[in-house]
>>> print(open('upload24.csv').read())   # CSV, C-alpha atoms
chain,number,residue,atom,x,y,z
A,1,MET,CA,47.8,-34.5,5.4
A,2,ALA,CA,50.5,-35.1,7.9
A,3,PRO,CA,51.5,-31.4,8.4
A,4,LYS,CA,47.8,-30.6,8.6
A,5,ALA,CA,47.2,-33.2,11.3
A,6,SER,CA,50.1,-31.9,13.3
A,7,LEU,CA,48.9,-28.3,13.0
A,8,LYS,CA,45.5,-29.4,14.1
A,9,GLY,CA,47.0,-31.3,17.0
A,10,LYS,CA,49.0,-28.2,18.0
A,11,GLY,CA,46.0,-26.0,17.8
A,12,LYS,CA,43.9,-28.2,19.8
A,13,ALA,CA,46.5,-28.7,22.4
A,14,GLY,CA,47.2,-24.9,22.5
A,15,LYS,CA,43.6,-23.8,22.9
A,16,GLY,CA,42.6,-26.7,24.9
A,17,SER,CA,39.0,-27.9,25.1
A,18,LYS,CA,37.6,-24.4,25.2
A,19,GLY,CA,38.0,-23.8,21.4
A,20,ARG,CA,36.2,-27.0,20.6
A,21,LYS,CA,33.3,-26.2,23.0
A,22,GLU,CA,32.9,-22.7,21.5
A,23,GLN,CA,32.9,-24.0,18.0
A,24,SER,CA,30.4,-26.7,18.7
A,25,THR,CA,28.2,-24.3,20.7
A,26,ALA,CA,28.1,-21.9,17.7
A,27,ASN,CA,27.3,-24.9,15.4
A,28,CYS,CA,24.7,-26.1,17.8
A,29,VAL,CA,23.0,-22.7,18.0
A,30,LYS,CA,23.1,-22.5,14.2
A,31,GLU,CA,21.6,-26.0,13.7
A,32,TRP,CA,18.9,-25.5,16.3
A,33,SER,CA,17.9,-22.1,14.9
A,34,THR,CA,17.7,-23.5,11.4
A,35,TRP,CA,15.6,-26.4,12.8
A,36,ALA,CA,13.4,-24.0,14.7
A,37,MET,CA,12.9,-21.8,11.6
A,38,LYS,CA,11.9,-24.8,9.5
A,39,LYS,CA,9.4,-26.0,12.1
A,40,ALA,CA,8.1,-22.4,12.5
A,41,LYS,CA,7.6,-22.1,8.8
A,42,VAL,CA,5.6,-25.3,8.6
A,43,ILE,CA,3.5,-24.3,11.6
A,44,VAL,CA,2.8,-20.9,10.1
A,45,HIS,CA,2.1,-22.3,6.7
A,46,PHE,CA,-0.6,-24.7,8.0
A,47,GLY,CA,-1.8,-22.8,11.0
A,48,PHE,CA,-2.1,-19.2,10.0
A,49,ILE,CA,-5.5,-19.3,8.3
A,50,PRO,CA,-7.1,-21.6,11.0
A,51,LEU,CA,-5.7,-19.1,13.6
A,52,VAL,CA,-7.4,-16.2,11.9
A,53,ILE,CA,-10.6,-18.1,11.6
A,54,VAL,CA,-10.5,-19.1,15.3
A,55,ILE,CA,-9.8,-15.5,16.4
A,56,GLY,CA,-12.6,-14.3,14.2
A,57,MET,CA,-15.1,-16.8,15.3
A,58,ASN,CA,-14.5,-15.8,18.9
A,59,SER,CA,-14.9,-12.1,18.4
A,60,GLU,CA,-18.1,-10.3,19.4
A,61,PRO,CA,-20.8,-10.7,18.0
A,62,LYS,CA,-20.0,-14.4,17.6
A,63,PRO,CA,-20.9,-15.7,14.2
A,64,SER,CA,-22.3,-19.2,13.9
A,65,LEU,CA,-20.7,-22.2,12.2
A,66,TYR,CA,-23.4,-22.1,9.5
A,67,GLN,CA,-22.4,-18.6,8.5
A,68,LEU,CA,-18.8,-19.7,8.2
A,69,LEU,CA,-19.5,-22.6,5.9
A,70,SER,CA,-22.4,-21.4,3.8
A,71,PRO,CA,-21.5,-19.6,0.5
A,72,VAL,CA,-24.2,-17.0,0.8
B,1,MET,CA,-18.8,49.2,18.3
B,2,GLY,CA,-21.3,49.8,15.5
B,3,SER,CA,-19.2,48.2,12.9
B,4,ASN,CA,-18.6,45.2,15.1
B,5,VAL,CA,-22.3,44.7,15.5
B,6,ARG,CA,-22.8,44.8,11.8
B,7,HIS,CA,-20.1,42.1,11.3
B,8,THR,CA,-21.7,39.7,13.7
B,9,ASN,CA,-25.1,40.3,12.2
B,10,GLU,CA,-24.1,39.3,8.6
B,11,PRO,CA,-24.1,35.5,8.9
B,12,GLN,CA,-27.6,35.6,10.3
B,13,GLN,CA,-29.2,37.1,7.2
B,14,PRO,CA,-30.4,34.4,4.7
B,15,ALA,CA,-27.9,34.1,1.9
B,16,LEU,CA,-29.3,34.6,-1.5
B,17,GLY,CA,-28.5,33.2,-4.9
B,18,LEU,CA,-25.0,32.2,-5.7
B,19,ALA,CA,-23.8,32.9,-2.1
B,20,ALA,CA,-25.9,29.9,-1.0
B,21,VAL,CA,-23.9,27.5,-3.0
B,22,LEU,CA,-20.4,28.8,-3.3
B,23,PRO,CA,-18.4,28.8,-0.1
B,24,PRO,CA,-17.4,32.1,1.4
B,25,LYS,CA,-14.0,33.2,0.2
B,26,GLN,CA,-12.8,33.7,3.8
B,27,ASP,CA,-10.1,31.0,3.6
B,28,GLU,CA,-8.4,32.6,0.6
B,29,LYS,CA,-8.1,36.0,2.3
B,30,ALA,CA,-7.1,34.6,5.8
B,31,GLU,CA,-3.6,35.5,6.9
B,32,PRO,CA,-1.2,32.6,6.8
B,33,ALA,CA,-1.1,31.0,10.3
B,34,LYS,CA,2.0,31.4,12.3
B,35,VAL,CA,4.2,28.3,12.2
B,36,ASP,CA,4.5,26.6,15.5
B,37,TRP,CA,7.9,25.0,15.1
B,38,LEU,CA,7.5,22.8,18.2
B,39,ASN,CA,4.3,21.3,17.1
B,40,LEU,CA,4.9,20.0,13.6
B,41,PRO,CA,2.5,17.4,12.2
B,42,CYS,CA,3.6,13.7,12.1
B,43,PRO,CA,4.9,12.8,8.7
B,44,VAL,CA,3.6,9.9,6.6
B,45,PRO,CA,5.5,6.6,6.9
B,46,PHE,CA,8.6,6.4,4.8
B,47,GLU,CA,7.3,3.7,2.5
B,48,GLU,CA,4.2,5.7,1.8
B,49,ILE,CA,6.0,8.8,0.7
B,50,GLN,CA,4.9,8.3,-2.9
B,51,ARG,CA,1.5,7.0,-1.9
B,52,GLU,CA,-0.6,9.5,-3.9
B,53,ALA,CA,1.5,9.0,-7.0
B,54,PHE,CA,1.3,5.2,-6.8
B,55,MET,CA,-2.4,5.3,-6.3
B,56,SER,CA,-2.9,7.1,-9.6
B,57,LEU,CA,-0.1,5.8,-11.6
B,58,LYS,CA,0.0,2.1,-10.6
B,59,PRO,CA,-3.5,0.7,-10.7
B,60,GLU,CA,-4.0,-3.0,-10.4
B,61,LEU,CA,-4.0,-4.1,-14.0
B,62,PHE,CA,-4.7,-7.7,-14.9
B,63,GLU,CA,-5.5,-9.8,-17.9
B,64,GLY,CA,-8.5,-12.1,-17.9
B,65,LEU,CA,-11.4,-12.7,-15.7
B,66,ARG,CA,-11.4,-11.8,-12.0
B,67,PHE,CA,-14.1,-12.5,-9.5
B,68,ASP,CA,-13.8,-11.5,-5.8
B,69,PHE,CA,-16.4,-12.3,-3.2
B,70,THR,CA,-16.0,-11.0,0.3
B,71,LYS,CA,-18.4,-12.3,2.9
B,72,GLY,CA,-18.5,-10.4,6.2
B,73,LEU,CA,-19.4,-12.6,9.2
B,74,ASN,CA,-19.3,-9.7,11.6
B,75,GLN,CA,-17.8,-6.2,11.8
B,76,LYS,CA,-14.2,-7.4,12.2
B,77,PHE,CA,-14.1,-10.8,10.6
B,78,SER,CA,-14.6,-11.7,6.9
B,79,LEU,CA,-13.8,-14.4,4.5
B,80,SER,CA,-13.0,-13.9,0.8
B,81,HIS,CA,-13.1,-16.2,-2.2
B,82,SER,CA,-11.4,-15.1,-5.3
B,83,VAL,CA,-11.2,-16.7,-8.8
B,84,PHE,CA,-8.8,-15.7,-11.5
B,85,MET,CA,-8.6,-17.0,-15.1
B,86,GLY,CA,-6.3,-15.4,-17.5
B,87,SER,CA,-2.7,-15.0,-18.4
B,88,THR,CA,0.2,-14.0,-16.2
B,89,GLU,CA,3.5,-12.7,-17.6
B,90,LEU,CA,6.7,-14.5,-16.9
B,91,PRO,CA,9.8,-12.4,-16.6
B,92,SER,CA,12.0,-13.0,-19.6
B,93,GLN,CA,15.4,-11.8,-20.6
B,94,SER,CA,14.6,-11.0,-24.2
B,95,SER,CA,12.2,-8.3,-25.2
B,96,ASP,CA,9.5,-10.8,-26.0
B,97,THR,CA,6.7,-11.2,-23.5
B,98,ILE,CA,6.0,-14.8,-22.4
B,99,LYS,CA,2.5,-15.3,-21.1
B,100,VAL,CA,1.3,-18.4,-19.4
B,101,PRO,CA,-2.4,-19.1,-19.0
B,102,THR,CA,-3.2,-19.6,-15.4
B,103,ALA,CA,-6.3,-20.2,-13.4
B,104,HIS,CA,-6.4,-20.2,-9.6
B,105,TYR,CA,-8.8,-20.0,-6.6
B,106,GLU,CA,-7.7,-18.1,-3.6
B,107,PHE,CA,-9.3,-18.3,-0.1
B,108,GLY,CA,-8.8,-15.6,2.4
B,109,ALA,CA,-9.6,-14.8,5.9
B,110,ASN,CA,-9.4,-11.2,7.4
B,111,PHE,CA,-9.6,-10.1,10.9
B,112,LEU,CA,-9.6,-6.3,11.3
B,113,ASP,CA,-9.5,-4.8,14.7
B,114,PRO,CA,-8.2,-1.3,15.6
B,115,LYS,CA,-5.3,-2.9,17.4
B,116,LEU,CA,-4.7,-6.1,15.5
B,117,MET,CA,-5.1,-6.9,11.8
B,118,LEU,CA,-4.6,-10.4,10.4
B,119,VAL,CA,-5.0,-11.0,6.7
B,120,GLY,CA,-4.3,-14.4,5.2
B,121,ARG,CA,-4.7,-15.6,1.6
B,122,VAL,CA,-4.0,-19.2,0.5
B,123,LEU,CA,-4.0,-20.4,-3.1
B,124,ALA,CA,-5.0,-23.8,-4.2
B,125,ASP,CA,-1.4,-24.8,-4.8
B,126,GLY,CA,-0.5,-24.1,-1.2
B,127,ARG,CA,1.1,-20.7,-1.4
B,128,LEU,CA,0.3,-18.6,1.6
B,129,ASN,CA,0.3,-14.8,1.8
B,130,ALA,CA,0.1,-13.6,5.4
B,131,ARG,CA,0.0,-10.1,6.8
B,132,VAL,CA,-0.1,-9.2,10.5
B,133,LYS,CA,-0.2,-5.7,11.9
B,134,CYS,CA,-0.2,-5.4,15.7
B,135,ASP,CA,-0.2,-2.2,17.8
B,136,LEU,CA,2.1,-3.2,20.7
B,137,THR,CA,1.7,0.2,22.4
B,138,ASP,CA,0.3,3.5,21.2
B,139,ASN,CA,3.4,4.4,19.3
B,140,LEU,CA,5.0,1.1,18.5
B,141,THR,CA,3.6,-1.1,15.7
B,142,LEU,CA,4.8,-4.5,14.6
B,143,LYS,CA,4.1,-5.6,11.0
B,144,ILE,CA,4.8,-9.0,9.6
B,145,ASN,CA,4.6,-9.8,5.9
B,146,ALA,CA,5.2,-13.4,4.6
B,147,GLN,CA,4.9,-15.4,1.4
B,148,LEU,CA,5.3,-19.1,2.1
B,149,THR,CA,5.5,-21.7,-0.6
B,150,ASN,CA,5.7,-25.4,-0.6
B,151,GLU,CA,9.0,-25.3,-2.6
B,152,PRO,CA,12.0,-24.9,-0.3
B,153,HIS,CA,14.0,-21.7,-0.4
B,154,PHE,CA,11.3,-19.7,-2.1
B,155,SER,CA,9.6,-18.4,0.9
B,156,GLN,CA,10.0,-14.8,2.0
B,157,GLY,CA,9.2,-13.0,5.2
B,158,MET,CA,9.7,-9.5,6.7
B,159,PHE,CA,9.3,-8.1,10.2
B,160,ASN,CA,8.9,-4.4,10.6
B,161,PHE,CA,8.9,-2.5,13.8
B,162,ASP,CA,7.5,1.1,13.5
B,163,TYR,CA,7.9,3.7,16.1
B,164,LYS,CA,5.8,6.9,15.7
B,165,GLY,CA,7.2,10.0,17.5
B,166,LYS,CA,5.7,13.4,17.8
B,167,ASP,CA,7.0,14.7,14.5
B,168,TYR,CA,9.1,11.8,13.3
B,169,ARG,CA,8.7,8.2,12.4
B,170,THR,CA,11.3,5.4,12.4
B,171,GLN,CA,11.2,1.9,11.2
B,172,PHE,CA,13.4,-1.1,11.6
B,173,GLN,CA,13.1,-4.1,9.2
B,174,ILE,CA,14.4,-7.7,9.4
B,175,GLY,CA,13.9,-10.0,6.5
B,176,ASN,CA,14.9,-13.4,5.3
B,177,ASN,CA,18.2,-13.9,3.5
B,178,ALA,CA,19.6,-11.8,6.3
B,179,PHE,CA,18.0,-8.5,5.2
B,180,TYR,CA,18.2,-5.6,7.7
B,181,GLY,CA,16.9,-2.2,7.0
B,182,ALA,CA,16.1,1.0,8.9
B,183,ASN,CA,14.5,4.2,7.9
B,184,TYR,CA,13.7,7.5,9.6
B,185,ILE,CA,11.6,10.4,8.5
B,186,GLN,CA,11.2,13.8,10.2
B,187,SER,CA,8.9,16.8,9.7
B,188,VAL,CA,11.0,19.8,9.1
B,189,SER,CA,8.2,22.3,8.4
B,190,PRO,CA,4.4,22.0,8.3
B,191,HIS,CA,4.7,21.1,4.6
B,192,LEU,CA,8.1,19.5,4.2
B,193,SER,CA,9.4,16.3,5.6
B,194,LEU,CA,12.8,14.7,5.0
B,195,GLY,CA,13.8,11.0,5.4
B,196,SER,CA,16.5,8.6,4.9
B,197,GLU,CA,16.9,4.8,4.8
B,198,ILE,CA,19.7,2.3,4.9
B,199,PHE,CA,19.6,-1.4,4.2
B,200,TRP,CA,22.0,-4.4,4.3
B,201,LEU,CA,21.6,-7.6,2.4
B,202,GLY,CA,23.5,-10.4,4.2
B,203,GLN,CA,23.5,-13.0,1.5
B,204,GLN,CA,24.8,-10.8,-1.3
B,205,ARG,CA,26.8,-8.5,1.0
B,206,LYS,CA,25.1,-5.5,-0.5
B,207,SER,CA,24.2,-2.3,1.4
B,208,GLY,CA,22.6,0.8,0.3
B,209,ILE,CA,21.5,4.2,1.6
B,210,GLY,CA,18.8,6.5,0.3
B,211,PHE,CA,17.3,9.9,0.9
B,212,ALA,CA,13.8,11.2,0.4
B,213,ALA,CA,11.9,14.5,0.6
B,214,ARG,CA,8.2,15.2,0.5
B,215,TYR,CA,6.5,18.5,0.2
B,216,ASN,CA,2.8,18.6,0.5
B,217,THR,CA,0.1,21.2,0.8
B,218,ASP,CA,-3.7,20.7,0.6
B,219,LYS,CA,-3.6,20.8,-3.2
B,220,MET,CA,-0.4,19.1,-4.3
B,221,VAL,CA,2.3,16.6,-3.2
B,222,ALA,CA,5.8,16.6,-4.6
B,223,THR,CA,8.4,14.0,-3.7
B,224,ALA,CA,11.9,13.2,-4.5
B,225,GLN,CA,13.9,10.0,-3.7
B,226,ILE,CA,17.5,9.2,-4.4
B,227,ALA,CA,19.3,5.9,-3.5
B,228,SER,CA,22.8,4.6,-3.7
B,229,THR,CA,21.5,1.8,-5.9
B,230,GLY,CA,21.6,4.4,-8.6
B,231,ILE,CA,17.9,5.3,-8.7
B,232,LEU,CA,16.4,8.8,-8.7
B,233,ALA,CA,12.6,9.1,-8.5
B,234,LEU,CA,10.6,12.3,-8.6
B,235,SER,CA,6.8,12.6,-8.5
B,236,TYR,CA,4.2,15.3,-8.5
B,237,VAL,CA,0.5,15.0,-7.8
B,238,GLN,CA,-2.0,17.8,-8.1
B,239,LYS,CA,-5.5,17.6,-6.7
B,240,VAL,CA,-8.2,19.3,-8.5
B,241,SER,CA,-11.4,19.1,-6.6
B,242,GLU,CA,-13.1,21.8,-4.5
B,243,LYS,CA,-14.0,24.3,-7.1
B,244,VAL,CA,-15.2,21.8,-9.6
B,245,ARG,CA,-17.4,20.2,-7.0
B,246,ASN,CA,-19.0,23.4,-6.0
B,247,LEU,CA,-19.6,24.4,-9.6
B,248,LEU,CA,-21.4,21.2,-10.2
B,249,LYS,CA,-23.4,21.7,-7.0
B,250,PHE,CA,-24.4,25.1,-8.2
B,251,LEU,CA,-25.6,23.6,-11.5
B,252,GLU,CA,-27.6,21.0,-9.7
B,253,ASN,CA,-29.6,23.7,-7.9
B,254,PHE,CA,-30.8,24.9,-11.3
B,255,ASN,CA,-31.9,21.4,-12.3
B,256,ALA,CA,-33.7,20.8,-9.0
B,257,GLN,CA,-36.0,18.2,-10.5
B,258,ASN,CA,-33.2,16.0,-11.7
B,259,LEU,CA,-31.4,15.7,-8.4
B,260,TYR,CA,-30.8,12.0,-8.6
B,261,SER,CA,-28.9,12.0,-11.9
B,262,HIS,CA,-26.7,14.8,-10.8
B,263,LYS,CA,-25.8,12.9,-7.6
B,264,LYS,CA,-23.3,11.0,-9.7
B,265,PHE,CA,-21.0,14.0,-9.5
B,266,TRP,CA,-21.5,14.9,-5.9
B,267,HIS,CA,-18.2,13.6,-4.6
B,268,LEU,CA,-15.7,14.5,-7.3
B,269,GLN,CA,-12.0,14.4,-6.8
B,270,VAL,CA,-9.6,14.5,-9.6
B,271,SER,CA,-5.9,14.0,-9.2
B,272,LEU,CA,-3.3,14.5,-11.8
B,273,ALA,CA,0.0,12.7,-11.3
B,274,SER,CA,3.3,12.7,-13.0
B,275,ASP,CA,6.4,10.6,-12.3
B,276,PHE,CA,10.0,10.5,-13.4
B,277,MET,CA,12.5,7.7,-12.7
B,278,TYR,CA,16.1,7.5,-13.7
B,279,ASN,CA,18.3,4.4,-13.1
B,280,HIS,CA,21.9,5.3,-13.4
B,281,LEU,CA,23.2,1.7,-13.6
B,282,THR,CA,21.1,0.6,-16.5
B,283,ARG,CA,20.7,4.2,-18.0
B,284,ASP,CA,17.0,3.8,-18.0
B,285,VAL,CA,14.7,6.8,-18.0
B,286,THR,CA,10.9,6.5,-17.5
B,287,SER,CA,8.4,9.2,-17.1
B,288,SER,CA,4.6,8.8,-16.8
B,289,PHE,CA,1.5,11.0,-16.6
B,290,GLY,CA,-1.7,9.8,-15.1
B,291,TYR,CA,-5.1,10.9,-13.8
B,292,ASP,CA,-7.5,9.6,-11.2
B,293,TYR,CA,-11.1,10.6,-11.2
B,294,ILE,CA,-13.0,9.6,-8.0
B,295,LEU,CA,-16.7,10.0,-8.6
B,296,ARG,CA,-19.5,8.8,-6.5
B,297,GLN,CA,-20.4,5.7,-8.7
B,298,CYS,CA,-17.1,5.0,-10.3
B,299,ARG,CA,-13.3,5.4,-10.1
B,300,LEU,CA,-11.4,5.9,-13.4
B,301,ARG,CA,-7.6,5.9,-13.5
B,302,GLY,CA,-5.5,6.2,-16.6
B,303,LYS,CA,-1.8,6.6,-17.4
B,304,LEU,CA,0.5,7.3,-20.2
B,305,ASP,CA,4.1,6.2,-20.2
B,306,SER,CA,7.3,7.1,-22.0
B,307,ASN,CA,7.8,3.4,-22.7
B,308,GLY,CA,4.8,3.6,-25.0
B,309,VAL,CA,2.4,2.1,-22.5
B,310,ILE,CA,-1.2,3.4,-22.1
B,311,ALA,CA,-3.2,1.9,-19.3
B,312,ALA,CA,-6.6,2.5,-17.8
B,313,CYS,CA,-8.7,1.0,-15.0
B,314,LEU,CA,-12.3,1.5,-14.3
B,315,GLU,CA,-14.2,0.5,-11.2
B,316,GLU,CA,-17.9,1.1,-11.5
B,317,ARG,CA,-20.3,0.6,-8.6
B,318,LEU,CA,-23.3,-1.1,-10.0
B,319,ASN,CA,-25.2,-1.6,-6.8
B,320,MET,CA,-24.5,-1.7,-3.1
B,321,GLY,CA,-21.4,-3.8,-2.7
B,322,VAL,CA,-21.2,-4.9,-6.3
B,323,ASN,CA,-18.3,-3.4,-8.3
B,324,PHE,CA,-17.6,-4.0,-12.0
B,325,ILE,CA,-13.9,-3.7,-13.0
B,326,LEU,CA,-12.4,-3.1,-16.4
B,327,SER,CA,-8.7,-3.0,-17.0
B,328,ALA,CA,-6.7,-2.3,-20.1
B,329,GLU,CA,-3.0,-2.0,-20.9
B,330,VAL,CA,-1.6,-1.4,-24.3
B,331,ASP,CA,2.1,-1.6,-24.8
B,332,HIS,CA,2.9,-0.3,-28.2
B,333,ARG,CA,6.6,-1.0,-28.1
B,334,LYS,CA,6.4,-4.6,-27.1
B,335,LYS,CA,3.1,-5.1,-29.0
B,336,ASP,CA,1.5,-6.5,-25.8
B,337,TYR,CA,-2.2,-6.0,-25.3
B,338,LYS,CA,-3.9,-6.9,-22.1
B,339,PHE,CA,-7.6,-6.5,-21.4
B,340,GLY,CA,-9.3,-7.8,-18.3
B,341,PHE,CA,-12.7,-7.6,-16.7
B,342,GLY,CA,-14.1,-8.7,-13.4
B,343,LEU,CA,-16.6,-8.4,-10.6
B,344,THR,CA,-16.1,-7.7,-7.0
B,345,VAL,CA,-18.9,-8.5,-4.6
B,346,GLY,CA,-18.9,-7.5,-1.0
B,347,GLU,CA,-17.3,-4.6,0.8
>>> encode(input="upload24.csv", output="C-alpha cells")
Amino acid sequence: MAPKASLKGKGKAGKGSKGRKEQSTANCVKEWSTWAMKKAKVIVHFGFIPLVIVIGMNSEPKPSLYQLLSPV
Amino acid sequence: MGSNVRHTNEPQQPALGLAAVLPPKQDEKAEPAKVDWLNLPCPVPFEEIQREAFMSLKPELFEGLRFDFTKGLNQKFSLSHSVFMGSTELPSQSSDTIKVPTAHYEFGANFLDPKLMLVGRVLADGRLNARVKCDLTDNLTLKINAQLTNEPHFSQGMFNFDYKGKDYRTQFQIGNNAFYGANYIQSVSPHLSLGSEIFWLGQQRKSGIGFAARYNTDKMVATAQIASTGILALSYVQKVSEKVRNLLKFLENFNAQNLYSHKKFWHLQVSLASDFMYNHLTRDVTSSFGYDYILRQCRLRGKLDSNGVIAACLEERLNMGVNFILSAEVDHRKKDYKFGFGLTVGE
C-alpha cells in the first residue's frame, strides 16, 4: 500500500491538478450521459404512444374523442 | 411516303379476335435501349437487397389464434388492437423445441404521413416497440427503431441515417451496446448494383465487413451476399406473371357471361424464389425453394427447406377489409408441427 500511495502522490504532484480535473470531467460526462439515457428511456417508454395519439388527433381532418375511444 | 402512311394507319383499324386481348409484340422486337451511364437508376436500400426473396421465403408463420383490428380515424392516423393466443418457441440449446403457451394483447397507434411515420406498439406487460421514420430533407432520412422493456438492460434501440444520392445510397447506423455500422450501395449498370457494409460492436469488440451484389431485370432478381462473419447467402427470384395473366384474360372473353367468377384471376402474379445460405463457422448449409401467388382475392405462399421444413401461409380476402389468415409449418426433422389461424380486420 505504501509504495502505491507514494506513486500516487508522485503522479498527482507531477501532473498537478489538471489530471484530476480531466479524469473527473470524463467521469462526470459519463455519469451524466448515463443518467440522461436512463431518463430518456423512461420518457420514451411512457410517452411515445401518447405522443403519436396527440399528433394524430391534431392532424387534418381532426377526429373526435368519441372516435378515439369507441371500439367500432 | 406511302409505306409510312400505312404504318400510321394500322393502329386505327379495329383489332379483331386474339389481337384484341394479347398485347402487341412490339416490346420483344424493340432494340435494346442504349445505356446512359451517367443516369443510372437509384438502387434499392442495402438492407432490402434480398427483399423479394424474403417476401416469398419468410412469411409470418405463427401458431395459435391471431386477431388484428385496425381502426382508421383519418387518412393518416389509425389505432390497432391485436390479440394473440398460442405457443411461442423458446430458443433452446438442445434439438428439442420448448414451447410456452402465451396470450397477449397489443395496442398500437400509427401515424403515416409522407414525411413522418410514427408506429408504436405496446404489449400488456409493458414492452414497447417503436418505429420512427422522418424525412429530414429530400435525400436524408432518419429512422429510429426501439424495443423497450421494463426489465433493465434488455432494451434495444437503433438510429439509422440514410442518404440517397443520384445512383447510390449510403446509411450510417448507431445502436445500443455501442454498435456502429455503415453501408453503401452503388448502381453499376442499369441492372447491377454492388454494395458493402461494415459494422463494429463495442461491447464485444467485434467488427465485420460484408459485400453484396444484386442483379435485377423485370423478370428476375439475383443477389449474392458474403460477410466476414462467415456467411454466404445467394438468392434468386423469378417472376412469372404477364403471359399467364393475358392468357386468362383471353379465356375470360370466351366466357363473357361469367365475368365475375373469372375476376378472381385478374391480377395474377407468381414469384418463384430460391435461397442458399452457407455458414462457414458452424458449417451449416441451408437451401430453400418457395412460391408466392398473388391473386386478387388471396395470397398464397409456400416454401420447402433442406432442413425438412415445409411451410405455407394463406391470406384470403373475405370481404372489404376482412382477411382470413392460415399458417402452417411442419418440421419433419424436429417433429414440430405448427398450425395457426387468424382474422385481420381493417386496412
>>> closest_atom_pairs(input="upload24.csv", of="chain A", to="chain B", cutoff="12 Å", atoms="only C-alpha atoms", output="JSON lines")
{"residue": "A:Met37", "atom": "CA", "partner": "B:Asn176", "partner_atom": "CA", "distance": 10.7}
{"residue": "A:Lys38", "atom": "CA", "partner": "B:Pro152", "partner_atom": "CA", "distance": 9.8}
{"residue": "A:Ala40", "atom": "CA", "partner": "B:Leu148", "partner_atom": "CA", "distance": 11.3}
{"residue": "A:Lys41", "atom": "CA", "partner": "B:Leu148", "partner_atom": "CA", "distance": 7.7}
{"residue": "A:Val42", "atom": "CA", "partner": "B:Leu148", "partner_atom": "CA", "distance": 9.0}
{"residue": "A:Ile43", "atom": "CA", "partner": "B:Leu148", "partner_atom": "CA", "distance": 11.0}
{"residue": "A:Val44", "atom": "CA", "partner": "B:Leu148", "partner_atom": "CA", "distance": 8.6}
{"residue": "A:His45", "atom": "CA", "partner": "B:Leu148", "partner_atom": "CA", "distance": 6.5}
{"residue": "A:Phe46", "atom": "CA", "partner": "B:Leu128", "partner_atom": "CA", "distance": 8.9}
{"residue": "A:Gly47", "atom": "CA", "partner": "B:Leu128", "partner_atom": "CA", "distance": 10.5}
{"residue": "A:Phe48", "atom": "CA", "partner": "B:Gly120", "partner_atom": "CA", "distance": 7.1}
{"residue": "A:Ile49", "atom": "CA", "partner": "B:Gly120", "partner_atom": "CA", "distance": 5.9}
{"residue": "A:Pro50", "atom": "CA", "partner": "B:Ala109", "partner_atom": "CA", "distance": 8.9}
{"residue": "A:Leu51", "atom": "CA", "partner": "B:Leu118", "partner_atom": "CA", "distance": 9.3}
{"residue": "A:Val52", "atom": "CA", "partner": "B:Ala109", "partner_atom": "CA", "distance": 6.5}
{"residue": "A:Ile53", "atom": "CA", "partner": "B:Ala109", "partner_atom": "CA", "distance": 6.7}
{"residue": "A:Val54", "atom": "CA", "partner": "B:Phe111", "partner_atom": "CA", "distance": 10.1}
{"residue": "A:Ile55", "atom": "CA", "partner": "B:Phe111", "partner_atom": "CA", "distance": 7.7}
{"residue": "A:Gly56", "atom": "CA", "partner": "B:Phe77", "partner_atom": "CA", "distance": 5.2}
{"residue": "A:Met57", "atom": "CA", "partner": "B:Phe77", "partner_atom": "CA", "distance": 7.7}
{"residue": "A:Asn58", "atom": "CA", "partner": "B:Phe77", "partner_atom": "CA", "distance": 9.7}
{"residue": "A:Ser59", "atom": "CA", "partner": "B:Lys76", "partner_atom": "CA", "distance": 7.8}
{"residue": "A:Glu60", "atom": "CA", "partner": "B:Asn74", "partner_atom": "CA", "distance": 7.9}
{"residue": "A:Pro61", "atom": "CA", "partner": "B:Asn74", "partner_atom": "CA", "distance": 6.6}
{"residue": "A:Lys62", "atom": "CA", "partner": "B:Asn74", "partner_atom": "CA", "distance": 7.7}
{"residue": "A:Pro63", "atom": "CA", "partner": "B:Leu73", "partner_atom": "CA", "distance": 6.1}
{"residue": "A:Ser64", "atom": "CA", "partner": "B:Leu73", "partner_atom": "CA", "distance": 8.6}
{"residue": "A:Leu65", "atom": "CA", "partner": "B:Leu73", "partner_atom": "CA", "distance": 10.1}
{"residue": "A:Tyr66", "atom": "CA", "partner": "B:Leu73", "partner_atom": "CA", "distance": 10.3}
{"residue": "A:Gln67", "atom": "CA", "partner": "B:Leu73", "partner_atom": "CA", "distance": 6.7}
{"residue": "A:Leu68", "atom": "CA", "partner": "B:Leu73", "partner_atom": "CA", "distance": 7.2}
{"residue": "A:Leu69", "atom": "CA", "partner": "B:Leu79", "partner_atom": "CA", "distance": 10.1}
{"residue": "A:Ser70", "atom": "CA", "partner": "B:Lys71", "partner_atom": "CA", "distance": 10.0}
{"residue": "A:Pro71", "atom": "CA", "partner": "B:Lys71", "partner_atom": "CA", "distance": 8.3}
{"residue": "A:Val72", "atom": "CA", "partner": "B:Lys71", "partner_atom": "CA", "distance": 7.8}
>>> atom_distance(input="upload24.csv", atom1="CA of Phe62 in chain B", atom2="CA of Thr102 in chain B")
12.0 Å
>>> closest_atom_pairs(input="upload24.csv", of="range 51-165 of chain B", to="range 175-188 of chain B", cutoff="12 Å", atoms="all atoms listed in the file", output="Markdown table")
| residue | atom | partner | partner_atom | distance |
| --- | --- | --- | --- | --- |
| B:Lys143 | CA | B:Gly175 | CA | 11.6 |
| B:Ile144 | CA | B:Gly175 | CA | 9.7 |
| B:Asn145 | CA | B:Gly175 | CA | 9.3 |
| B:Ala146 | CA | B:Gly175 | CA | 9.5 |
| B:Gln147 | CA | B:Asn176 | CA | 10.9 |
| B:Leu148 | CA | B:Asn176 | CA | 11.6 |
| B:His153 | CA | B:Asn177 | CA | 9.7 |
| B:Phe154 | CA | B:Asn176 | CA | 10.4 |
| B:Ser155 | CA | B:Asn176 | CA | 8.5 |
| B:Gln156 | CA | B:Asn176 | CA | 6.1 |
| B:Gly157 | CA | B:Asn176 | CA | 5.7 |
| B:Met158 | CA | B:Gly175 | CA | 4.2 |
| B:Phe159 | CA | B:Gly175 | CA | 6.2 |
| B:Asn160 | CA | B:Gly175 | CA | 8.6 |
| B:Phe161 | CA | B:Ala182 | CA | 9.4 |
| B:Asp162 | CA | B:Asn183 | CA | 9.5 |
| B:Tyr163 | CA | B:Tyr184 | CA | 9.5 |
| B:Lys164 | CA | B:Ile185 | CA | 9.9 |
| B:Gly165 | CA | B:Gln186 | CA | 9.2 |
>>> residues_around(input="upload24.csv", residues="Asn307 in chain B", least_positions_apart="3", cutoff="10 Å", atoms="only C-alpha atoms", output="list in words")
Val285, Thr286, Ser287, Ser288, Leu304, Ile310, Asp331, His332, Arg333 and Lys334 of chain B
